[in-house]
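Worksheet: the structure to be examined is printed underneath.
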Amino acid sequence: MVRKSLGLLLVLAVVMSLGVASVSAQDTAMECPEGDADVVIAAGAVGIEFEVVQAQADRFMAMCPNVSISLLETPDLATDRLGLYQQYWEAQTPDVDIYQVDVIWAGIIAPHVVDLLEYVPEGYLDQFFPAMVAGQNIGGVQVAIPWFTDAAGLYYRTDLLEKYGLEVPTTWDELTAAAQTIQDGERAAGNADFAGYVWQGNAYEGLTCDAHEWLVSETGETFISPEGEVNVNNDAFVAALERAAGWVGGISPEGVTTYGEEESRAVWQAGNAAFMRNWPYAYGLGNGEDSAVAGLFDYAPLPVGANGTPAACLGGWQLAVSKYSDNPAAAAAVAIFMASYDEQKIRALSPQGANPTIPALYEDPELIDANPLFSRMGPILASAYPRPSGFTAARYNDASTLFFSAVHSVLTGTTDAKTAVEDLELDLQDLVDEIKASM
Ligand code: GLC
């Protein structure tokens, strides 16, 4: 129950916000920072997010010409991005003022960022999903502002399901069978490159998300419980890993073990996959003019395993202000602007379709008209399951690296699933013991 609380809280907050008047008026109360300042933002570039942030920066600079904002492009893979940030933090560099940070890094970034409670206008954070704000509060310090949320789903080709007389798969086994049927048919019809299913199999945080979904949907728990219990060495996860290893070179290209989000999207958008596991950003982009699948797909909750409920990985990105910044007040003003109601609305309306962290936006008719996904995110967000970043905190990346490395070794055939989970259990237990000893 405790473990599911974040997803449920999200839905509760959406429901509770019904009838609440727009709080965007708070945005207009925003003031420009005093004095001249240069602000550098370390931003992501997945899909078109870099362009979207640049447009946000341009709007801020038009409003506050005393602030000059520039963007630093960072690696697409979350794990690589964290590695880059850690070099900056190690050097305590003032070269970056604002960091775009992953939802699971709150405990990692805490020593390197300012307390945003010292900068946000009164009432500002009240408009956000309370659980998201709380997740970025470490010991009373607000380490980041939730900027957009993410819950992965199953993209499927509506035209191909119809062509082969198939229903939207609701279990992993149904997905495997449907992907095989469509792949066989499309290859026989002459598309040798056609894949049944694409997902994220590279050794990085994205694979942690995919494999965490297999694990939670089978066992109801992720790899370390909020109490620090390790949950990997069980028959259900061994079977799930064997099934996924069977996908590689089967219904998924051999190269899937090198795919991140963007590699999966490239295959999908070229029209070369029947199904894709990905985040909501691929929805608007997949319906873009340059997409071969525009109008030919939809998005459903991920398939379920033995646990009977889908378990989308709960993702999302926040904005944090560096403790080493020379202009923390100006940087905070930019972050506050970028995560504001009006700016989140613009971002959500863009083809990037960033999912807001402000519940009132999910009832905004303009947004629902523009992107039907918003009205259907409820069940996907409701079943979204957090990774174990609460318990592991500053050691989250160590835990995740052990997890995705073990999973990757099974996918590439280096280790059999049973041995991999036995070794992983020992490694995670050592880490948990270290974390407990340092508490
Ligand atoms: C998405 C999610 C993020 C996750 C990452 C993994 O960007 O928002 O939380 O860590 O994917 O690749």
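Convention: chains lettered A, B, ... in structure tokens order; per-chain residue numbering from 1; ligands numbered from 1 as shown.
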
I'd like a table as JSON lines: residues in chain A with an atom no more than 10 Å from ligand 1, each row giving the shortest atom pair and its distance in Å to one decimal, only C-alpha atoms and all ligand atoms counted, sorted by chain and rising residue number.
{"residue": "A:Gly44", "atom": "CA", "partner": "ligand 1", "partner_atom_place_in_ligand_line": "7 (O)", "distance": 9.0}
{"residue": "A:Val46", "atom": "CA", "partner": "ligand 1", "partner_atom_place_in_ligand_line": "7 (O)", "distance": 8.1}
{"residue": "A:Asp76", "atom": "CA", "partner": "ligand 1", "partner_atom_place_in_ligand_line": "12 (O)", "distance": 8.1}
{"residue": "A:Leu77", "atom": "CA", "partner": "ligand 1", "partner_atom_place_in_ligand_line": "12 (O)", "distance": 6.0}
{"residue": "A:Ala78", "atom": "CA", "partner": "ligand 1", "partner_atom_place_in_ligand_line": "12 (O)", "distance": 5.4}
{"residue": "A:Thr79", "atom": "CA", "partner": "ligand 1", "partner_atom_place_in_ligand_line": "12 (O)", "distance": 7.8}
{"residue": "A:Val101", "atom": "CA", "partner": "ligand 1", "partner_atom_place_in_ligand_line": "9 (O)", "distance": 8.8}
{"residue": "A:Asp102", "atom": "CA", "partner": "ligand 1", "partner_atom_place_in_ligand_line": "9 (O)", "distance": 5.2}
{"residue": "A:Val103", "atom": "CA", "partner": "ligand 1", "partner_atom_place_in_ligand_line": "9 (O)", "distance": 5.4}
{"residue": "A:Ile104", "atom": "CA", "partner": "ligand 1", "partner_atom_place_in_ligand_line": "9 (O)", "distance": 6.7}
{"residue": "A:Trp105", "atom": "CA", "partner": "ligand 1", "partner_atom_place_in_ligand_line": "10 (O)", "distance": 9.0}
{"residue": "A:Phe148", "atom": "CA", "partner": "ligand 1", "partner_atom_place_in_ligand_line": "8 (O)", "distance": 8.0}
{"residue": "A:Thr149", "atom": "CA", "partner": "ligand 1", "partner_atom_place_in_ligand_line": "8 (O)", "distance": 6.5}
{"residue": "A:Asp150", "atom": "CA", "partner": "ligand 1", "partner_atom_place_in_ligand_line": "8 (O)", "distance": 4.9}
{"residue": "A:Ala151", "atom": "CA", "partner": "ligand 1", "partner_atom_place_in_ligand_line": "8 (O)", "distance": 7.4}
{"residue": "A:Ala152", "atom": "CA", "partner": "ligand 1", "partner_atom_place_in_ligand_line": "2 (C)", "distance": 8.2}
{"residue": "A:Gln200", "atom": "CA", "partner": "ligand 1", "partner_atom_place_in_ligand_line": "12 (O)", "distance": 7.9}
{"residue": "A:Asn202", "atom": "CA", "partner": "ligand 1", "partner_atom_place_in_ligand_line": "12 (O)", "distance": 9.7}
{"residue": "A:Tyr204", "atom": "CA", "partner": "ligand 1", "partner_atom_place_in_ligand_line": "12 (O)", "distance": 7.2}
{"residue": "A:Glu205", "atom": "CA", "partner": "ligand 1", "partner_atom_place_in_ligand_line": "6 (C)", "distance": 4.8}
{"residue": "A:Gly206", "atom": "CA", "partner": "ligand 1", "partner_atom_place_in_ligand_line": "12 (O)", "distance": 3.3}
{"residue": "A:Leu207", "atom": "CA", "partner": "ligand 1", "partner_atom_place_in_ligand_line": "12 (O)", "distance": 7.1}
{"residue": "A:Thr208", "atom": "CA", "partner": "ligand 1", "partner_atom_place_in_ligand_line": "6 (C)", "distance": 7.5}
{"residue": "A:Cys209", "atom": "CA", "partner": "ligand 1", "partner_atom_place_in_ligand_line": "6 (C)", "distance": 6.2}
{"residue": "A:Asp210", "atom": "CA", "partner": "ligand 1", "partner_atom_place_in_ligand_line": "6 (C)", "distance": 8.7}
{"residue": "A:Gly260", "atom": "CA", "partner": "ligand 1", "partner_atom_place_in_ligand_line": "12 (O)", "distance": 6.9}
{"residue": "A:Glu261", "atom": "CA", "partner": "ligand 1", "partner_atom_place_in_ligand_line": "12 (O)", "distance": 6.6}
{"residue": "A:Glu262", "atom": "CA", "partner": "ligand 1", "partner_atom_place_in_ligand_line": "12 (O)", "distance": 9.7}
{"residue": "A:Asn278", "atom": "CA", "partner": "ligand 1", "partner_atom_place_in_ligand_line": "11 (O)", "distance": 8.5}
{"residue": "A:Trp279", "atom": "CA", "partner": "ligand 1", "partner_atom_place_in_ligand_line": "1 (C)", "distance": 6.7}
{"residue": "A:Pro280", "atom": "CA", "partner": "ligand 1", "partner_atom_place_in_ligand_line": "8 (O)", "distance": 9.3}
{"residue": "A:Tyr281", "atom": "CA", "partner": "ligand 1", "partner_atom_place_in_ligand_line": "7 (O)", "distance": 9.3}
{"residue": "A:Cys313", "atom": "CA", "partner": "ligand 1", "partner_atom_place_in_ligand_line": "9 (O)", "distance": 7.9}
{"residue": "A:Leu314", "atom": "CA", "partner": "ligand 1", "partner_atom_place_in_ligand_line": "9 (O)", "distance": 6.5}
{"residue": "A:Gly315", "atom": "CA", "partner": "ligand 1", "partner_atom_place_in_ligand_line": "9 (O)", "distance": 3.1}
{"residue": "A:Gly316", "atom": "CA", "partner": "ligand 1", "partner_atom_place_in_ligand_line": "8 (O)", "distance": 3.6}
{"residue": "A:Trp317", "atom": "CA", "partner": "ligand 1", "partner_atom_place_in_ligand_line": "8 (O)", "distance": 5.8}
{"residue": "A:Gln318", "atom": "CA", "partner": "ligand 1", "partner_atom_place_in_ligand_line": "8 (O)", "distance": 9.5}
{"residue": "A:Ala354", "atom": "CA", "partner": "ligand 1", "partner_atom_place_in_ligand_line": "8 (O)", "distance": 9.8}
{"residue": "A:Asn355", "atom": "CA", "partner": "ligand 1", "partner_atom_place_in_ligand_line": "8 (O)", "distance": 9.9}
{"residue": "A:Pro386", "atom": "CA", "partner": "ligand 1", "partner_atom_place_in_ligand_line": "9 (O)", "distance": 9.4}
{"residue": "A:Arg387", "atom": "CA", "partner": "ligand 1", "partner_atom_place_in_ligand_line": "10 (O)", "distance": 9.1}

Spatial neighbours of A:Ala335, 9 Å, only C-alpha atoms, chain gap at least 3 places, as a VMD selection string = chain A and resid 98 145 319 to 321 330 to 332 338 to 340

Would you please work out which residue, of A:Leu296, A:Asp115, A:Tyr197, A:Gly284, is nearest to A:Lys163 when using only C-alpha atoms?
->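 The answer is A:Leu296, which sits nearest to A:Lys163.
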
Contacts of A:Ile435 at 12 Å (only C-alpha atoms; same-chain gap of 6+ positions) as a PyMOL selection string = chain A and resi 224+227-229+390-396+398-399+428-429

Run DSSP on the backbone and grab whatever in stretch 200-405 of chain A lands in alpha helix (DSSP H); send it over as a VMD selection string.
-> chain A and resid 205 to 219 235 to 247 261 to 269 281 to 286 328 to 338 341 to 349 365 to 370 373 to 382 389 to 392 396 to 405

Can you list every residue in stretch 159-322 of chain A that DSSP puts in strand (DSSP E), as an MDAnalysis selection string?
-> chainID A and resid 195:198 273:278 297:300 314:321

Between A:Val141, A:Val120, A:Ala300, A:Leu125, which one has atoms that come closest to A:Glu31, using only C-alpha atoms?
->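 Answer, going by the shortest atom-to-atom distance: A:Val120.
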
If you count only C-alpha atoms, which residues fall within 8 Å of A:Val113, apart from same-chain ones fewer than 4 positions away, as a list of chain:residue names?
->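 Here the qualifying residues turn out to be A:Ile109, A:Val143, A:Ala320, A:Val321, A:Ser322, A:Lys323, A:Tyr324.
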
Using only C-alpha atoms, which of the listed residues (A:Glu289, A:Glu218, A:Asp430, A:Glu242) sits closest to A:Pro310?
->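 Comparing A:Glu289, A:Glu218, A:Asp430, A:Glu242 against A:Pro310, the winner is A:Glu218.
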